[in-house]
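run_37.txt, holding compact mmCIF, C-alpha atoms:
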```txt
# COMPACT_ATOMS: atom_id res chain seq x y z
CA MET B 1 -31.67 -8.00 14.07
CA GLY B 2 -29.78 -8.16 10.76
CA THR B 3 -26.02 -8.02 11.12
CA SER B 4 -25.91 -5.84 14.21
CA THR B 5 -23.34 -6.62 16.89
CA VAL B 6 -24.38 -9.30 19.36
CA GLY B 7 -25.73 -7.71 22.53
CA ALA B 8 -25.90 -4.26 20.93
CA ALA B 9 -28.95 -2.23 20.04
CA SER B 10 -30.45 -2.75 16.61
CA GLY B 11 -28.77 -0.52 14.06
CA TYR B 12 -25.61 -0.02 16.09
CA ARG B 13 -22.54 0.17 13.88
CA PRO B 14 -19.12 0.48 15.56
CA SER B 15 -17.71 2.12 12.42
CA ALA B 16 -20.23 4.96 12.73
CA THR B 17 -19.13 5.97 16.22
CA LEU B 18 -16.86 8.97 16.81
CA PRO B 19 -16.70 10.26 13.18
CA PHE B 20 -13.43 11.77 12.02
CA ALA B 21 -15.08 15.13 11.26
CA ALA B 22 -16.59 15.33 14.75
CA GLU B 23 -13.26 14.63 16.45
CA PHE B 24 -11.49 17.08 14.10
CA ARG B 25 -13.94 19.85 15.07
CA ARG B 26 -13.66 18.89 18.71
CA GLN B 27 -9.88 19.21 18.66
CA ALA B 28 -10.10 22.46 16.67
CA ALA B 29 -12.03 24.01 19.53
CA ARG B 30 -9.23 23.25 22.00
CA ARG B 31 -6.96 26.10 23.02
CA ARG B 32 -3.75 24.08 22.58
CA THR B 33 -4.67 23.36 18.95
CA GLN B 34 -5.39 27.01 18.24
CA LEU B 35 -2.19 28.18 19.93
CA ALA B 36 -0.01 25.58 18.18
CA LEU B 37 -1.38 26.37 14.72
CA GLY B 38 -1.32 30.09 15.44
CA PHE B 39 2.35 29.92 16.37
CA MET B 40 3.12 28.13 13.11
CA VAL B 41 1.78 31.20 11.31
CA LEU B 42 3.41 33.65 13.71
CA LEU B 43 6.96 32.24 13.69
CA PRO B 44 7.84 33.16 10.06
CA LEU B 45 6.52 36.66 10.70
CA ILE B 46 8.67 36.96 13.83
CA ILE B 47 11.74 35.87 11.85
CA LEU B 48 10.87 38.33 9.09
CA ILE B 49 10.56 41.18 11.58
CA ALA B 50 13.82 40.14 13.26
CA PHE B 51 15.62 40.37 9.92
CA GLN B 52 14.41 43.96 9.54
CA PHE B 53 16.29 44.88 12.72
CA ASP B 54 19.48 43.21 11.49
CA SER B 55 21.67 46.19 10.77
CA GLY B 56 24.54 44.25 9.30
CA GLY B 57 25.78 41.47 11.54
CA ASP B 58 26.66 39.50 8.40
CA ASP B 59 30.03 38.47 9.78
CA ASP B 60 28.29 36.23 12.30
CA ASN B 61 26.22 34.57 9.63
CA GLY B 62 29.15 32.72 8.17
CA ARG B 63 29.88 30.77 11.32
CA GLY B 64 28.87 27.16 11.65
CA GLU B 65 28.25 24.40 9.16
CA PHE B 66 24.96 25.87 7.99
CA GLY B 67 25.71 29.52 8.68
CA SER B 68 25.31 30.51 5.05
CA LEU B 69 21.63 29.55 5.23
CA ILE B 70 21.18 32.70 7.31
CA GLU B 71 23.03 34.73 4.71
CA PHE B 72 20.83 33.38 1.92
CA ALA B 73 17.58 33.69 3.89
CA THR B 74 16.87 37.22 2.69
CA SER B 75 17.64 36.53 -0.97
CA GLY B 76 14.19 35.24 -1.91
CA GLY B 77 11.00 33.66 -0.67
CA LEU B 78 12.23 30.10 -1.26
CA ASN B 79 15.43 30.76 0.66
CA PHE B 80 13.48 32.34 3.50
CA THR B 81 11.25 29.27 3.63
CA LEU B 82 14.27 26.97 3.69
CA PHE B 83 15.75 28.94 6.59
CA THR B 84 12.47 28.80 8.52
CA ILE B 85 12.24 25.03 8.04
CA PHE B 86 15.88 24.65 9.08
CA VAL B 87 15.50 26.54 12.37
CA SER B 88 12.24 24.72 13.18
CA ALA B 89 13.05 21.12 12.25
CA SER B 90 15.26 20.07 15.14
CA PHE B 91 13.06 21.20 18.03
CA LEU B 92 9.92 23.25 17.32
CA LEU B 93 8.32 20.74 14.96
CA VAL B 94 9.27 17.93 17.33
CA VAL B 95 7.42 19.67 20.16
CA VAL B 96 4.35 20.43 18.03
CA VAL B 97 4.04 16.84 16.76
CA ALA B 98 4.58 15.48 20.28
CA LEU B 99 1.86 17.85 21.51
CA PHE B 100 -0.75 16.68 19.02
CA PHE B 101 -0.04 12.98 19.60
CA GLY B 102 0.85 12.98 23.28
CA ASP B 103 -2.29 14.88 24.20
CA THR B 104 -4.69 12.55 22.36
CA VAL B 105 -5.66 9.93 24.94
CA ALA B 106 -3.88 11.18 28.05
CA SER B 107 -5.88 14.42 28.12
CA GLU B 108 -9.16 12.50 27.93
CA ALA B 109 -8.01 10.33 30.82
CA SER B 110 -6.93 13.33 32.90
CA TRP B 111 -10.33 15.00 32.37
CA GLY B 112 -12.15 11.78 33.29
CA SER B 113 -13.96 11.72 29.94
CA LEU B 114 -12.22 8.68 28.45
CA ARG B 115 -14.49 6.13 30.10
CA TYR B 116 -17.56 8.02 28.90
CA LEU B 117 -16.30 7.94 25.30
CA LEU B 118 -15.85 4.19 25.57
CA ALA B 119 -19.32 3.85 27.10
CA VAL B 120 -21.05 5.42 24.06
CA PRO B 121 -19.86 2.75 23.12
CA VAL B 122 -16.88 3.60 20.90
CA PRO B 123 -14.69 0.52 20.28
CA ARG B 124 -11.21 1.06 21.67
CA ALA B 125 -9.46 0.39 18.37
CA ARG B 126 -11.81 2.82 16.62
CA LEU B 127 -11.18 5.47 19.27
CA LEU B 128 -7.43 5.17 18.83
CA THR B 129 -7.64 5.13 15.04
CA VAL B 130 -9.74 8.29 14.83
CA LYS B 131 -7.56 10.13 17.32
CA LEU B 132 -4.43 8.99 15.46
CA LEU B 133 -5.78 10.22 12.12
CA VAL B 134 -6.85 13.56 13.59
CA ALA B 135 -3.41 14.04 15.17
CA LEU B 136 -1.78 13.21 11.82
CA ALA B 137 -4.03 15.74 10.10
CA TYR B 138 -3.21 18.54 12.54
CA SER B 139 0.51 17.77 12.48
CA GLY B 140 0.50 17.94 8.68
CA LEU B 141 -1.55 21.14 8.78
CA ALA B 142 0.94 22.70 11.21
CA MET B 143 3.87 21.96 8.89
CA LEU B 144 2.00 23.31 5.87
CA LEU B 145 1.06 26.49 7.74
CA LEU B 146 4.67 27.04 8.77
CA ALA B 147 6.08 26.54 5.27
CA GLY B 148 3.18 28.27 3.51
CA THR B 149 3.33 31.37 5.68
CA ALA B 150 7.12 31.55 5.29
CA LEU B 151 6.85 31.20 1.52
CA LEU B 152 4.14 33.85 1.22
CA ALA B 153 5.76 36.33 3.60
CA GLY B 154 9.25 35.73 2.22
CA THR B 155 8.13 36.11 -1.40
CA LEU B 156 6.23 39.31 -0.68
CA ARG B 157 9.23 40.76 1.12
CA TYR B 158 12.21 39.37 -0.83
CA GLY B 159 10.71 38.34 -4.17
CA TRP B 160 10.52 35.10 -6.15
CA SER B 161 14.11 34.03 -6.72
CA PRO B 162 16.05 30.80 -7.36
CA LEU B 163 16.73 28.53 -4.41
CA ARG B 164 20.28 28.63 -3.06
CA SER B 165 21.94 26.41 -0.48
CA THR B 166 25.35 25.36 0.73
CA VAL B 167 25.12 21.91 -0.87
CA ALA B 168 23.76 22.66 -4.34
CA ALA B 169 24.09 24.88 -7.34
CA GLU B 170 21.46 27.57 -7.75
CA LEU B 171 18.12 25.91 -8.51
CA PRO B 172 15.41 27.54 -10.67
CA ALA B 173 12.44 28.69 -8.63
CA GLY B 174 10.11 25.98 -9.93
CA GLU B 175 12.54 23.16 -9.17
CA GLY B 176 13.43 24.80 -5.88
CA LEU B 177 9.79 24.72 -4.81
CA LEU B 178 9.60 21.01 -5.59
CA ARG B 179 12.77 20.40 -3.58
CA LEU B 180 11.28 22.25 -0.60
CA LEU B 181 8.11 20.16 -0.82
CA ALA B 182 10.28 17.03 -0.82
CA VAL B 183 12.15 18.31 2.24
CA LEU B 184 8.86 18.96 4.03
CA GLY B 185 7.60 15.50 3.10
CA TYR B 186 10.73 13.82 4.42
CA LEU B 187 10.57 15.78 7.67
CA ALA B 188 6.97 14.65 8.07
CA VAL B 189 8.10 11.03 7.71
CA VAL B 190 10.97 11.46 10.20
CA LEU B 191 8.61 13.02 12.74
CA LEU B 192 6.44 9.90 12.61
CA VAL B 193 8.88 8.51 15.17
CA VAL B 194 7.97 11.32 17.58
CA ALA B 195 4.31 10.78 16.73
CA GLY B 196 4.49 7.07 17.50
CA LEU B 197 6.42 7.53 20.73
CA ALA B 198 4.15 10.31 22.02
CA PHE B 199 1.07 8.26 21.09
CA LEU B 200 2.40 5.23 22.96
CA LEU B 201 3.14 7.34 26.05
CA SER B 202 -0.31 8.93 25.77
CA VAL B 203 -2.09 5.58 26.19
CA THR B 204 0.28 4.61 28.99
CA THR B 205 -0.14 7.63 31.26
CA ASP B 206 -2.97 9.91 32.35
CA ALA B 207 -0.64 12.93 32.29
CA ALA B 208 -0.62 14.59 28.87
CA LEU B 209 2.38 16.74 29.81
CA GLY B 210 4.31 13.59 30.69
CA ALA B 211 3.54 12.02 27.33
CA VAL B 212 4.54 15.14 25.39
CA GLY B 213 7.63 15.85 27.47
CA GLY B 214 8.69 12.21 27.48
CA ALA B 215 8.62 11.99 23.69
CA VAL B 216 10.59 15.23 23.31
CA LEU B 217 13.19 14.23 25.90
CA LEU B 218 13.74 10.80 24.34
CA TRP B 219 14.17 12.45 20.92
CA ILE B 220 16.76 14.82 22.42
CA LEU B 221 18.50 11.89 24.10
CA SER B 222 18.70 10.06 20.78
CA SER B 223 20.15 13.20 19.17
CA ILE B 224 22.82 13.42 21.87
CA LEU B 225 23.75 9.75 21.54
CA ASP B 226 24.00 10.18 17.77
CA GLN B 227 26.84 12.66 18.34
CA ILE B 228 28.92 10.06 20.16
CA THR B 229 31.09 8.63 17.41
CA ALA B 230 32.37 5.89 19.73
CA LEU B 231 29.03 4.13 19.25
CA GLY B 232 30.07 3.43 15.67
CA ALA B 233 27.56 1.52 13.55
CA LEU B 234 25.07 1.45 16.41
CA ARG B 235 24.26 5.09 15.69
CA ALA B 236 22.50 4.05 12.49
CA PHE B 237 19.81 2.39 14.62
CA LEU B 238 19.01 5.59 16.48
CA PRO B 239 15.75 7.21 15.30
CA THR B 240 17.45 10.59 14.91
CA HIS B 241 20.46 9.37 12.93
CA PHE B 242 18.94 10.25 9.54
CA SER B 243 16.96 13.28 10.72
CA THR B 244 19.11 15.68 8.68
CA ALA B 245 19.19 13.53 5.55
CA TRP B 246 16.83 16.08 3.96
CA LEU B 247 19.94 18.12 3.10
CA GLY B 248 20.61 15.54 0.40
CA LEU B 249 17.37 16.60 -1.29
CA LEU B 250 18.93 20.03 -1.86
CA SER B 251 22.20 18.77 -3.33
CA THR B 252 23.19 18.57 -6.99
CA PRO B 253 22.63 15.83 -7.94
CA VAL B 254 20.01 14.77 -5.39
CA GLN B 255 21.34 12.36 -2.75
CA THR B 256 18.63 9.91 -1.71
CA ASP B 257 20.51 7.03 -0.06
CA ASP B 258 20.18 8.39 3.47
CA VAL B 259 16.66 9.59 2.72
CA VAL B 260 15.60 6.03 1.89
CA ARG B 261 17.33 4.66 4.98
CA GLY B 262 15.76 7.36 7.13
CA THR B 263 12.31 6.66 5.72
CA ILE B 264 12.60 2.93 6.43
CA SER B 265 13.87 3.63 9.95
CA ALA B 266 11.13 6.17 10.74
CA VAL B 267 8.29 4.04 9.39
CA GLY B 268 9.63 1.01 11.23
CA TYR B 269 9.86 2.80 14.58
CA ALA B 270 6.49 4.50 14.16
CA THR B 271 4.77 1.23 13.25
CA LEU B 272 6.30 -0.48 16.29
CA PHE B 273 5.24 2.30 18.68
CA TRP B 274 1.72 2.48 17.25
CA ALA B 275 1.33 -1.31 17.43
CA LEU B 276 2.42 -1.23 21.09
CA ALA B 277 -0.03 1.60 21.74
CA TYR B 278 -2.94 -0.41 20.32
CA TRP B 279 -1.85 -3.52 22.20
CA ARG B 280 -1.58 -1.60 25.47
CA PHE B 281 -4.81 0.37 25.15
CA THR B 282 -7.01 -2.54 24.12
CA ARG B 283 -5.92 -4.46 27.23
CA LYS B 284 -5.72 -1.80 29.95
CA ASP B 285 -8.37 -1.04 32.55
CA VAL B 286 -9.80 2.41 31.87
CA THR B 287 -10.91 3.97 35.14
CA SER B 288 -10.61 7.66 34.26
```
Write out the structure in this file as structure tokens.
Amino acid sequence: MGTSTVGAASGYRPSATLPFAAEFRRQAARRRTQLALGFMVLLPLIILIAFQFDSGGDDDNGRGEFGSLIEFATSGGLNFTLFTIFVSASFLLVVVVALFFGDTVASEASWGSLRYLLAVPVPRARLLTVKLLVALAYSGLAMLLLAGTALLAGTLRYGWSPLRSTVAAELPAGEGLLRLLAVLGYLAVVLLVVAGLAFLLSVTTDAALGAVGGAVLLWILSSILDQITALGALRAFLPTHFSTAWLGLLSTPVQTDDVVRGTISAVGYATLFWALAYWRFTRKDVTS
């Protein structure tokens, strides 16, 4: 029998069940994946078209702490990309990441296919790991599609110009591109909190919409609590407290203190939520 698992058929290898590529293709065929990725490509184009109908409401662009980002958005492809990331970071990307992670296990349970996957048999830890990696891959792909489409469309329309922002001197195009990549990387790390929370809710409920909506609502709640200054130092423990620390990556010189704190916070929360998800799923009775 060699080293095969006790009680299993000869040649059975748990690590060979549910390959990453098979699950990736399976998720690619789902309508929600196609719509989510398609919207990531469509949004920059919608913004670009909207700017073409702007006949000169520049006076409104100066309002608000980040109002000048709107003013700079049409001054080059890098600036257009920065604007697109800015308007997407606080809600749209949160929803998309929550969708990919909250729909992983809960959707299988709601369809009644989860118990059949486990009966293949796919070990529970392996099932979760593959689904987690596929959700990470699609979330990363969504962010790259959003930024890549914005950069391509913005450059074709407004040209290749230095990056400008409200917190930094004008940055050469090459350095500006690196700064934008750093911003995107930090946002990906921050959104790991949403990923972990949605994943935990996904193994807890059979309702995918509940898992997705729950993660988004808790993120919004954390954002609201972070605005309450009376909480004082307690705000630093909220997962959203450092969500805008990416602005420091655009400053001159670069400010990384909050970026480091935000990274530690996000990784810590995500690790906790994922650990709880594994603990819960490997012990629950799967009846659907």
Polymer residues at most 6 Å from (0.1, 8.5, 16.6) by only C-alpha atoms, as a PDB file with C-alpha atoms, keeping the file's coordinate frame:
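As written to disk, out-v7.pdb reads:
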```
ATOM      1  CA  PHE B 101      -0.040  12.980  19.600  1.00  0.00           C
ATOM      2  CA  LEU B 132      -4.430   8.990  15.460  1.00  0.00           C
ATOM      3  CA  ALA B 195       4.310  10.780  16.730  1.00  0.00           C
ATOM      4  CA  GLY B 196       4.490   7.070  17.500  1.00  0.00           C
ATOM      5  CA  PHE B 199       1.070   8.260  21.090  1.00  0.00           C
TER       6      PHE B 199
END
```
Could you list, as a ChimeraX atom specification, every residue within 10 Å of Trp219 in chain B, counting all atoms listed in the file and ignoring same-chain residues fewer than 3 positions away? /B:90-91,94-95,191,193-194,197,213-216,222-225,238-240
Neighbours of point (-0.4, 34.0, 4.5) within 12 Å, using all atoms listed in the file, written as a PDB file with C-alpha atoms, keeping the file's coordinate frame:
```
ATOM      1  CA  GLY B  38      -1.320  30.090  15.440  1.00  0.00           C
ATOM      2  CA  MET B  40       3.120  28.130  13.110  1.00  0.00           C
ATOM      3  CA  VAL B  41       1.780  31.200  11.310  1.00  0.00           C
ATOM      4  CA  LEU B  42       3.410  33.650  13.710  1.00  0.00           C
ATOM      5  CA  LEU B  43       6.960  32.240  13.690  1.00  0.00           C
ATOM      6  CA  PRO B  44       7.840  33.160  10.060  1.00  0.00           C
ATOM      7  CA  LEU B  45       6.520  36.660  10.700  1.00  0.00           C
ATOM      8  CA  LEU B 144       2.000  23.310   5.870  1.00  0.00           C
ATOM      9  CA  LEU B 145       1.060  26.490   7.740  1.00  0.00           C
ATOM     10  CA  LEU B 146       4.670  27.040   8.770  1.00  0.00           C
ATOM     11  CA  ALA B 147       6.080  26.540   5.270  1.00  0.00           C
ATOM     12  CA  GLY B 148       3.180  28.270   3.510  1.00  0.00           C
ATOM     13  CA  THR B 149       3.330  31.370   5.680  1.00  0.00           C
ATOM     14  CA  ALA B 150       7.120  31.550   5.290  1.00  0.00           C
ATOM     15  CA  LEU B 151       6.850  31.200   1.520  1.00  0.00           C
ATOM     16  CA  LEU B 152       4.140  33.850   1.220  1.00  0.00           C
ATOM     17  CA  ALA B 153       5.760  36.330   3.600  1.00  0.00           C
ATOM     18  CA  GLY B 154       9.250  35.730   2.220  1.00  0.00           C
ATOM     19  CA  THR B 155       8.130  36.110  -1.400  1.00  0.00           C
ATOM     20  CA  LEU B 156       6.230  39.310  -0.680  1.00  0.00           C
TER      21      LEU B 156
END
```
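Contact shell of range 102-109 of chain B at 8 Å (only C-alpha atoms; same-chain neighbours under 3 positions omitted): Ala98, Leu99, Gly112, Ser113, Leu114, Arg115, Leu128, Lys131, Leu132, Ala135, Ala195, Ala198, Phe199, Leu200, Leu201, Ser202, Val203, Thr204, Thr205, Asp206, Ala207, Ala208, Leu209, Ala211, Val212, Ala215 and Ser288 of chain B.
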Choose the residue, out of B:Val87, B:Leu178, B:Val189, B:Leu18, that has the smallest atom-to-atom separation from Arg126 in chain B; count only C-alpha atoms. B:Leu18
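Between CA of Gly176 in chain B and CA of Thr81 in chain B the separation is 10.7 Å.
Taking CA of Ser265 in chain B and CA of Asp226 in chain B as the two end points, the separation is 14.4 Å.
Restricting the calculation to only C-alpha atoms, the smallest distance between Ile47 in chain B and any of B:Leu192, B:Glu175, B:Ser88, B:Tyr269 is found for B:Ser88.
Across the model, the gap from CA of Leu133 in chain B to CA of Phe20 in chain B is 7.8 Å.
Considering all atoms listed in the file, the residue among B:Arg164, B:Arg280, B:Arg26, B:His241 positioned nearest to Arg261 in chain B is B:His241.
Minimum distance to Phe281 in chain B across B:Ala89, B:Leu247, B:Leu127, B:Val190 (counting all atoms listed in the file) occurs at B:Leu127.
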Would you compute, for all listed atoms of range 75-86 of chain B, the axis-aligned bounding box grown by 6 Å on each side, and then report its centre and edge lengths in Å rounded to one decimal, as AutoDock Vina command-line options?
```
--center_x 14.3 --center_y 30.6 --center_z 3.6 --size_x 18.6 --size_y 23.9 --size_z 23.0
```
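Closest approach to Gly268 in chain B from the set B:Thr252, B:Ala182, B:Ala188, B:Phe237 is made by B:Phe237, with distances taken over all atoms listed in the file.
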